[in-house]
$ cat my_file27.txt   # compact mmCIF, C-alpha atoms and all ligand atoms
# COMPACT_ATOMS: atom_id res chain seq x y z
CA MET A 1 -33.44 6.91 6.67
CA ASP A 2 -36.51 6.50 8.79
CA ASN A 3 -36.66 9.64 10.94
CA GLN A 4 -39.22 7.93 13.17
CA ILE A 5 -36.64 5.41 14.42
CA LEU A 6 -34.18 8.22 15.01
CA SER A 7 -36.74 10.25 16.99
CA THR A 8 -37.88 7.26 19.04
CA THR A 9 -34.31 6.27 19.90
CA PHE A 10 -33.48 9.88 20.76
CA GLN A 11 -36.48 9.99 23.10
CA GLN A 12 -35.38 6.73 24.74
CA GLN A 13 -31.77 7.82 25.17
CA PHE A 14 -32.20 11.45 26.18
CA GLY A 15 -35.75 11.52 27.58
CA THR A 16 -36.98 14.28 25.24
CA ALA A 17 -37.88 14.57 21.58
CA PRO A 18 -35.17 15.99 19.29
CA ALA A 19 -35.56 19.61 18.24
CA LEU A 20 -34.37 18.79 14.71
CA VAL A 21 -32.73 16.23 12.45
CA ALA A 22 -29.77 17.39 10.34
CA HIS A 23 -28.52 15.49 7.33
CA ALA A 24 -25.38 15.61 5.20
CA PRO A 25 -24.66 13.38 2.19
CA GLY A 26 -21.60 11.35 1.22
CA ARG A 27 -20.16 11.91 -2.23
CA VAL A 28 -18.86 10.25 -5.33
CA ASN A 29 -16.16 11.93 -7.36
CA LEU A 30 -16.76 11.65 -11.10
CA ILE A 31 -13.27 12.91 -11.98
CA GLY A 32 -10.43 15.00 -10.50
CA GLU A 33 -8.60 12.76 -8.04
CA HIS A 34 -6.01 14.08 -5.58
CA THR A 35 -6.22 17.41 -7.35
CA ASP A 36 -8.02 19.19 -4.48
CA TYR A 37 -4.99 19.62 -2.21
CA ASN A 38 -3.03 20.76 -5.29
CA GLU A 39 -5.44 23.69 -5.73
CA GLY A 40 -6.89 22.03 -8.82
CA PHE A 41 -10.31 21.00 -10.12
CA VAL A 42 -12.68 18.27 -8.94
CA PHE A 43 -16.09 17.17 -10.24
CA PRO A 44 -18.01 15.29 -7.53
CA ALA A 45 -21.72 14.78 -6.81
CA ALA A 46 -23.42 14.41 -3.41
CA ILE A 47 -25.17 11.03 -3.18
CA ASN A 48 -28.29 9.62 -1.58
CA PHE A 49 -26.32 7.99 1.23
CA GLY A 50 -25.43 10.11 4.22
CA THR A 51 -25.37 10.84 7.94
CA TRP A 52 -28.33 11.91 10.06
CA VAL A 53 -28.02 13.72 13.39
CA ALA A 54 -31.01 14.18 15.70
CA ALA A 55 -30.28 17.05 18.05
CA SER A 56 -31.50 19.20 20.90
CA THR A 57 -29.89 21.83 23.09
CA ARG A 58 -28.80 21.23 26.67
CA ASP A 59 -28.72 23.61 29.59
CA ASP A 60 -25.04 22.98 30.31
CA ASN A 61 -21.93 23.25 28.14
CA ASN A 62 -21.56 19.55 27.37
CA ILE A 63 -21.87 17.72 24.08
CA SER A 64 -23.40 14.30 24.62
CA VAL A 65 -23.34 12.14 21.51
CA ILE A 66 -24.65 8.64 20.89
CA ALA A 67 -23.69 6.54 17.85
CA MET A 68 -26.60 4.30 16.83
CA ASP A 69 -24.40 2.37 14.42
CA TYR A 70 -21.93 1.48 17.19
CA GLY A 71 -24.49 -0.12 19.52
CA ASN A 72 -25.51 3.25 20.98
CA GLN A 73 -22.00 4.00 22.28
CA HIS A 74 -22.05 7.20 24.29
CA ASN A 75 -19.42 9.93 24.31
CA GLU A 76 -19.60 13.11 26.33
CA PHE A 77 -17.27 16.08 26.66
CA ALA A 78 -17.28 19.67 27.87
CA LEU A 79 -17.02 22.48 25.32
CA THR A 80 -14.30 24.04 27.44
CA ASP A 81 -12.00 21.00 27.37
CA ILE A 82 -12.00 19.03 24.13
CA GLN A 83 -9.37 16.30 23.99
CA HIS A 84 -8.69 13.41 21.63
CA ASP A 85 -10.49 10.22 22.68
CA GLU A 86 -8.29 7.14 22.16
CA SER A 87 -11.02 4.67 23.12
CA GLN A 88 -13.83 5.71 20.74
CA GLY A 89 -12.32 6.59 17.37
CA TRP A 90 -15.63 7.71 15.83
CA ALA A 91 -16.08 10.36 18.53
CA ASN A 92 -13.00 12.27 17.35
CA TYR A 93 -14.88 13.48 14.27
CA VAL A 94 -17.43 15.07 16.61
CA ARG A 95 -14.83 16.36 19.04
CA GLY A 96 -12.74 17.71 16.14
CA VAL A 97 -15.50 19.72 14.45
CA ILE A 98 -16.88 21.01 17.75
CA LYS A 99 -13.37 22.09 18.79
CA VAL A 100 -12.65 24.00 15.58
CA LEU A 101 -16.11 25.56 15.76
CA ALA A 102 -15.55 26.57 19.39
CA ASP A 103 -12.24 28.16 18.33
CA THR A 104 -14.10 30.58 16.02
CA ASP A 105 -15.97 33.59 17.39
CA VAL A 106 -19.48 32.06 17.09
CA GLU A 107 -21.23 31.26 20.38
CA PHE A 108 -23.08 28.07 21.16
CA GLY A 109 -23.87 25.84 24.13
CA GLY A 110 -24.31 22.16 24.87
CA ALA A 111 -26.22 19.62 22.80
CA ASN A 112 -27.56 16.08 22.84
CA LEU A 113 -26.84 14.35 19.54
CA LEU A 114 -27.86 10.97 18.13
CA VAL A 115 -26.04 9.92 14.97
CA THR A 116 -26.65 7.29 12.31
CA GLY A 117 -25.51 6.89 8.72
CA ASN A 118 -25.52 4.62 5.68
CA VAL A 119 -22.41 5.67 3.76
CA PRO A 120 -20.23 2.55 3.49
CA GLN A 121 -17.18 3.25 5.65
CA GLY A 122 -13.66 3.06 4.24
CA ALA A 123 -15.02 2.84 0.70
CA GLY A 124 -13.93 6.21 -0.66
CA LEU A 125 -17.44 7.72 -0.45
CA SER A 126 -16.63 10.22 2.31
CA SER A 127 -18.49 8.83 5.28
CA SER A 128 -16.26 10.97 7.51
CA ALA A 129 -16.89 14.25 5.67
CA SER A 130 -20.61 13.52 5.73
CA PHE A 131 -20.38 12.90 9.49
CA GLU A 132 -18.46 16.15 10.08
CA VAL A 133 -20.78 18.27 7.98
CA ALA A 134 -23.91 16.72 9.55
CA ILE A 135 -22.63 17.58 13.05
CA LEU A 136 -21.85 21.14 11.95
CA LYS A 137 -25.30 21.44 10.38
CA ALA A 138 -26.98 20.19 13.57
CA ILE A 139 -25.12 22.63 15.85
CA SER A 140 -25.51 25.59 13.53
CA ALA A 141 -29.24 24.91 13.11
CA LEU A 142 -29.77 24.46 16.87
CA TYR A 143 -28.00 27.71 17.71
CA GLU A 144 -28.83 29.61 14.50
CA LEU A 145 -25.16 30.18 13.79
CA PRO A 146 -24.22 32.38 10.81
CA ILE A 147 -22.26 29.67 9.01
CA ASP A 148 -22.51 29.03 5.28
CA GLY A 149 -21.63 25.87 3.37
CA VAL A 150 -18.12 26.95 2.41
CA GLN A 151 -17.32 27.90 6.00
CA ALA A 152 -18.73 24.62 7.27
CA ALA A 153 -16.62 22.70 4.75
CA LEU A 154 -13.46 24.57 5.77
CA LEU A 155 -14.20 23.81 9.44
CA GLY A 156 -14.70 20.11 8.67
CA GLN A 157 -11.46 19.98 6.70
CA LYS A 158 -9.62 21.78 9.52
CA ALA A 159 -10.96 19.28 12.06
CA GLU A 160 -9.76 16.42 9.92
CA ASN A 161 -6.32 18.02 9.30
CA THR A 162 -5.64 19.19 12.85
CA PHE A 163 -7.62 16.85 15.11
CA VAL A 164 -8.23 13.56 13.29
CA GLY A 165 -4.82 13.62 11.55
CA CYS A 166 -5.55 13.23 7.84
CA SER A 167 -4.17 15.94 5.50
CA CYS A 168 -7.22 15.77 3.22
CA GLY A 169 -8.21 18.49 0.77
CA ILE A 170 -11.51 20.39 0.66
CA MET A 171 -13.49 18.35 -1.88
CA ASP A 172 -15.40 15.96 0.36
CA GLN A 173 -16.66 18.48 2.90
CA LEU A 174 -17.51 21.04 0.25
CA ILE A 175 -19.61 18.73 -1.89
CA SER A 176 -21.33 17.34 1.22
CA ALA A 177 -22.23 20.91 2.19
CA MET A 178 -22.95 22.41 -1.22
CA GLY A 179 -24.05 19.67 -3.64
CA ASN A 180 -27.25 20.09 -5.66
CA GLU A 181 -29.96 17.59 -6.47
CA GLY A 182 -29.51 16.04 -9.91
CA LYS A 183 -26.23 17.84 -10.46
CA ALA A 184 -22.50 17.32 -10.28
CA MET A 185 -20.36 20.20 -9.03
CA LEU A 186 -17.25 21.57 -10.69
CA LEU A 187 -15.16 22.98 -7.88
CA ASP A 188 -12.08 25.12 -8.32
CA CYS A 189 -10.14 24.24 -5.18
CA GLN A 190 -8.00 27.38 -5.49
CA SER A 191 -10.76 30.00 -5.54
CA LEU A 192 -13.44 27.68 -4.07
CA SER A 193 -15.76 28.79 -6.85
CA ILE A 194 -18.53 26.34 -7.65
CA GLU A 195 -20.44 25.54 -10.81
CA HIS A 196 -23.37 23.12 -10.59
CA SER A 197 -23.86 21.08 -13.69
CA PRO A 198 -26.94 18.92 -14.50
CA LEU A 199 -26.31 15.22 -14.94
CA PRO A 200 -27.84 13.79 -18.12
CA ASP A 201 -31.25 12.09 -17.71
CA SER A 202 -30.02 9.36 -20.02
CA HIS A 203 -27.34 8.14 -17.58
CA GLN A 204 -27.14 6.78 -14.03
CA ILE A 205 -24.36 7.01 -11.49
CA VAL A 206 -23.44 3.44 -10.58
CA ILE A 207 -21.07 2.87 -7.68
CA ILE A 208 -19.36 -0.48 -7.37
CA ASN A 209 -17.74 -1.12 -3.99
CA SER A 210 -14.82 -3.48 -4.52
CA ASN A 211 -14.93 -4.27 -0.80
CA VAL A 212 -11.15 -4.18 -0.82
CA LYS A 213 -10.57 -2.44 2.50
CA ARG A 214 -8.29 0.48 2.09
CA GLY A 215 -4.94 -0.33 3.69
CA LEU A 216 -2.18 2.17 4.60
CA VAL A 217 -4.45 4.84 3.29
CA ASP A 218 -3.45 7.67 5.60
CA SER A 219 0.28 7.17 5.25
CA GLU A 220 0.12 6.69 1.47
CA TYR A 221 -2.23 9.66 1.12
CA ASN A 222 0.05 11.92 3.12
CA LEU A 223 3.04 10.65 1.11
CA ARG A 224 1.32 11.54 -2.18
CA ARG A 225 0.70 14.98 -0.82
CA GLN A 226 4.39 15.44 0.07
CA GLN A 227 5.49 14.19 -3.36
CA CYS A 228 3.16 16.70 -5.04
CA GLU A 229 4.55 19.50 -2.91
CA GLN A 230 8.07 18.42 -3.79
CA GLY A 231 7.15 18.49 -7.49
CA ALA A 232 5.74 22.00 -7.23
CA SER A 233 8.77 23.20 -5.34
CA LEU A 234 11.23 21.70 -7.87
CA MET A 235 9.32 23.49 -10.65
CA GLY A 236 9.33 26.73 -8.65
CA VAL A 237 5.54 27.08 -8.53
CA ALA A 238 3.29 27.61 -5.51
CA SER A 239 1.18 24.55 -6.32
CA LEU A 240 0.81 21.99 -9.11
CA ARG A 241 -2.18 24.02 -10.29
CA GLU A 242 0.34 26.54 -11.64
CA ALA A 243 2.41 23.92 -13.46
CA THR A 244 2.16 22.92 -17.13
CA MET A 245 3.34 19.80 -18.95
CA ASP A 246 5.99 21.95 -20.71
CA LEU A 247 7.39 23.11 -17.38
CA LEU A 248 7.29 19.56 -16.06
CA GLU A 249 9.20 18.20 -19.07
CA THR A 250 11.83 20.95 -18.73
CA THR A 251 12.28 20.15 -15.04
CA LYS A 252 12.20 16.36 -15.49
CA PRO A 253 16.00 15.85 -15.52
CA HIS A 254 16.21 17.44 -12.05
CA MET A 255 13.41 15.42 -10.54
CA PRO A 256 13.06 11.92 -9.07
CA ASP A 257 11.01 9.82 -11.50
CA VAL A 258 8.31 9.18 -8.90
CA VAL A 259 7.82 12.91 -8.34
CA TYR A 260 7.64 13.46 -12.10
CA ARG A 261 4.87 10.87 -12.40
CA ARG A 262 2.89 12.24 -9.44
CA ALA A 263 3.03 15.75 -10.93
CA LYS A 264 2.12 14.44 -14.38
CA HIS A 265 -1.02 12.84 -12.94
CA ILE A 266 -2.12 16.09 -11.31
CA ILE A 267 -1.42 18.32 -14.33
CA THR A 268 -3.18 15.98 -16.75
CA GLU A 269 -6.02 15.24 -14.31
CA ASN A 270 -6.85 18.93 -14.01
CA ALA A 271 -7.12 19.15 -17.80
CA ARG A 272 -9.27 16.01 -17.94
CA THR A 273 -11.58 17.29 -15.23
CA LEU A 274 -12.23 20.52 -17.09
CA ALA A 275 -12.68 18.65 -20.38
CA ALA A 276 -15.07 16.09 -18.86
CA SER A 277 -17.23 18.63 -17.05
CA LYS A 278 -17.52 20.71 -20.22
CA ALA A 279 -18.31 17.67 -22.35
CA LEU A 280 -20.96 16.44 -19.93
CA LYS A 281 -22.72 19.79 -20.21
CA SER A 282 -22.97 19.47 -23.98
CA GLY A 283 -23.93 15.77 -23.87
CA ASP A 284 -20.63 14.67 -25.40
CA ILE A 285 -20.43 11.37 -23.53
CA ALA A 286 -17.63 10.00 -25.71
CA THR A 287 -15.28 12.70 -24.40
CA VAL A 288 -16.40 12.05 -20.81
CA SER A 289 -15.76 8.36 -21.40
CA GLU A 290 -12.25 8.99 -22.69
CA ALA A 291 -11.39 11.39 -19.85
CA MET A 292 -12.56 8.89 -17.22
CA ALA A 293 -10.60 6.07 -18.87
CA GLN A 294 -7.43 8.19 -19.01
CA SER A 295 -7.97 9.27 -15.42
CA HIS A 296 -7.98 5.66 -14.31
CA VAL A 297 -4.82 4.82 -16.25
CA SER A 298 -3.11 7.85 -14.75
CA MET A 299 -4.16 6.87 -11.20
CA ARG A 300 -2.93 3.34 -11.87
CA ASP A 301 0.41 4.06 -13.56
CA ASP A 302 1.48 7.55 -12.50
CA PHE A 303 -0.16 8.19 -9.14
CA GLU A 304 -0.13 4.49 -8.19
CA ILE A 305 -3.23 4.48 -6.01
CA THR A 306 -5.26 1.67 -7.57
CA VAL A 307 -5.20 -2.04 -6.66
CA PRO A 308 -5.62 -5.05 -9.00
CA PRO A 309 -9.27 -5.88 -8.08
CA ILE A 310 -10.23 -2.27 -8.83
CA ASP A 311 -8.34 -2.32 -12.15
CA PHE A 312 -10.21 -5.52 -13.01
CA LEU A 313 -13.62 -3.94 -12.22
CA VAL A 314 -12.79 -0.96 -14.40
CA LYS A 315 -11.72 -3.21 -17.27
CA ILE A 316 -14.85 -5.40 -17.29
CA ILE A 317 -17.22 -2.46 -16.91
CA ASP A 318 -15.42 -0.54 -19.64
CA GLU A 319 -15.96 -3.52 -21.94
CA VAL A 320 -19.70 -3.20 -21.35
CA LEU A 321 -19.92 0.58 -21.68
CA GLY A 322 -17.50 1.36 -24.49
CA LYS A 323 -17.87 5.02 -25.43
CA SER A 324 -21.50 5.16 -24.21
CA GLY A 325 -20.38 5.83 -20.61
CA GLY A 326 -17.38 6.16 -18.35
CA VAL A 327 -15.76 4.23 -15.51
CA ARG A 328 -12.86 4.82 -13.14
CA MET A 329 -11.78 4.36 -9.55
CA THR A 330 -13.19 7.09 -7.31
CA GLY A 331 -11.88 8.55 -4.06
CA GLY A 332 -8.55 8.45 -2.28
CA GLY A 333 -7.56 5.01 -3.57
CA PHE A 334 -5.93 1.77 -2.34
CA GLY A 335 -9.30 -0.01 -2.49
CA GLY A 336 -12.79 1.37 -2.16
CA CYS A 337 -15.12 2.10 -5.06
CA VAL A 338 -15.36 2.38 -8.79
CA VAL A 339 -17.77 4.91 -10.30
CA ALA A 340 -19.51 4.37 -13.62
CA LEU A 341 -21.62 6.80 -15.55
CA ALA A 342 -23.79 4.29 -17.37
CA PRO A 343 -26.62 4.75 -19.88
CA THR A 344 -29.81 3.62 -18.13
CA ASP A 345 -30.24 0.70 -20.53
CA LYS A 346 -26.78 -0.65 -19.69
CA VAL A 347 -27.05 -0.57 -15.88
CA GLU A 348 -28.28 -4.17 -15.75
CA ALA A 349 -25.43 -5.33 -17.97
CA VAL A 350 -22.93 -3.59 -15.69
CA LYS A 351 -24.43 -5.33 -12.65
CA GLN A 352 -24.36 -8.67 -14.44
CA VAL A 353 -20.78 -8.52 -15.58
CA VAL A 354 -19.65 -7.65 -12.06
CA GLU A 355 -21.71 -10.46 -10.57
CA GLN A 356 -20.45 -12.96 -13.13
CA LYS A 357 -16.76 -12.16 -13.20
CA TYR A 358 -15.55 -10.20 -10.17
CA PHE A 359 -15.66 -12.87 -7.48
CA ASP A 360 -14.10 -15.56 -9.70
CA GLU A 361 -11.19 -13.32 -10.61
CA THR A 362 -10.51 -11.71 -7.21
CA GLY A 363 -12.26 -13.63 -4.42
CA TYR A 364 -14.07 -10.45 -3.38
CA THR A 365 -17.80 -9.78 -3.67
CA ALA A 366 -18.79 -6.32 -4.84
CA ASP A 367 -21.74 -4.20 -3.68
CA ILE A 368 -23.46 -2.17 -6.35
CA TYR A 369 -25.43 1.03 -5.76
CA VAL A 370 -27.34 2.97 -8.38
CA CYS A 371 -27.24 6.48 -6.95
CA THR A 372 -28.89 9.81 -7.42
CA ALA A 373 -27.24 13.19 -6.91
CA THR A 374 -28.69 14.92 -3.86
CA GLN A 375 -28.76 18.26 -2.09
CA GLY A 376 -25.90 19.20 0.22
CA ALA A 377 -26.47 20.03 3.89
CA PHE A 378 -26.02 23.80 3.49
CA ALA A 379 -27.14 24.19 -0.15
C1 LIG A 401 -9.93 11.84 -0.08
C2 LIG A 401 -9.70 13.23 0.48
C3 LIG A 401 -10.07 14.31 -0.54
C4 LIG A 401 -9.41 14.05 -1.88
C5 LIG A 401 -9.60 12.60 -2.31
C6 LIG A 401 -8.80 12.25 -3.55
O1 LIG A 401 -11.30 11.64 -0.30
O2 LIG A 401 -10.47 13.43 1.64
O3 LIG A 401 -9.73 15.57 -0.04
O4 LIG A 401 -8.04 14.39 -1.84
O5 LIG A 401 -9.22 11.69 -1.30
O6 LIG A 401 -9.26 12.95 -4.64

$ encode --input "my_file27.txt" --output "structure tokens"
Amino acid sequence: MDNQILSTTFQQQFGTAPALVAHAPGRVNLIGEHTDYNEGFVFPAAINFGTWVAASTRDDNNISVIAMDYGNQHNEFALTDIQHDESQGWANYVRGVIKVLADTDVEFGGANLLVTGNVPQGAGLSSSASFEVAILKAISALYELPIDGVQAALLGQKAENTFVGCSCGIMDQLISAMGNEGKAMLLDCQSLSIEHSPLPDSHQIVIINSNVKRGLVDSEYNLRRQQCEQGASLMGVASLREATMDLLETTKPHMPDVVYRRAKHIITENARTLAASKALKSGDIATVSEAMAQSHVSMRDDFEITVPPIDFLVKIIDEVLGKSGGVRMTGGGFGGCVVALAPTDKVEAVKQVVEQKYFDETGYTADIYVCTATQGAFA
């Protein structure tokens, strides 16, 4: 992002220079899908696409925010009266995080904010979490608030759960806040403990956007969450994190088949996430490859969150990579992106196979990004 354009636009819109520019990245999840709200393990990396917020304080108690990417749409509200805005959907992310922040005991005043970002929206790369965390970073930097990355992530998640209306887990906000350059992050979503893990120099993170727009995503997402809770309750455990395959098999006769398969995905995905993160550390790419392949099959058959164009991308990329790398759908599902961990010398071949075969098979054109892992906003 060119900070000069941001500063110039800020000056034009608000008549002063910004005091600072805050940034928060989007993310790609290497493995561990839908495990976060089941108190399980996830293994994402923050990526070099994100949201930037130029900011300065105001003398009153209003938040005035302008969205560069929506033709400089303007939204303004008072800190003392934060309501949902039906007419400008994007503004609810700002209103939501500011409201949950105002509900804590930290003190802050008004602000002028100018926002822009380059995370593809609706692609499963957490443009919304990056937006939320960038706003929180801007306000906490302006007012020197004592907020750390974990607190910021919890506030972002709360805003999304209670204000925006998506029952998401903690992964996206936490990696956006706490990611490290060149590293993936193993996150235990029960204890919120974090372990940063270097990505191998030999491999690149390649993200392939299927450009299948995610349909029904909120309702299907919330339904998966309910089914997981039902599975845990039928097994008599507090969350699927506590369940084992033995317990699941014993309980199977008393469970709807769909609940059994949702729980099976989560239990096996937790094991795969731990195995893959450990294998990556020791350079055992074949194990990472297998775990990612199994993860995709499990998302397709048991959790049922993939779509045919995504399955096709995974298949053709897997044919190129074999055991030298891994590929799977990433993110909430029902469209969006595929992530590949590809040896540097096979990145071109991955691009080529997608360019040659994807459109003919599906009628969609994919976008391909070779990404680097970046620093989180509060790291
Ligand atoms: C979305 C949610 C996350 C997580 C993923 C699936 O990105 O925001 O909390 O549940 O889906 O792994």

$ closest_residue --input "my_file27.txt" --among "A:Gln73, A:Thr51, A:Ser233, A:Gln157" --to "ligand LIG 401 (chain A)" --atoms "all atoms listed in the file"
A:Gln157

$ residues_near_ligand --input "my_file27.txt" --ligand "ligand LIG 401 (chain A)" --cutoff "9 Å" --atoms "only C-alpha atoms and all ligand atoms" --output "NGL selection string"
:A and (29 or 31-38 or 42 or 124-126 or 128-129 or 157 or 160 or 166-173 or 221 or 225 or 330-333)

$ closest_residue --input "my_file27.txt" --among "A:Glu181, A:Asp367, A:Glu242, A:Asp345" --to "Glu229 of chain A" --atoms "all atoms listed in the file"
A:Glu242

$ residues_around --input "my_file27.txt" --residues "Asp188 of chain A" --least-positions-apart "4" --cutoff "7 Å" --atoms "all atoms listed in the file" --output "PyMOL selection string"
chain A and resi 40-42+192-194

$ atom_distance --input "my_file27.txt" --atom1 "atom CA of Gln88 of chain A" --atom2 "atom CA of Gly376 of chain A"
27.4 Å

$ atom_distance --input "my_file27.txt" --atom1 "atom CA of Arg224 of chain A" --atom2 "atom CA of Gly363 of chain A"
28.7 Å
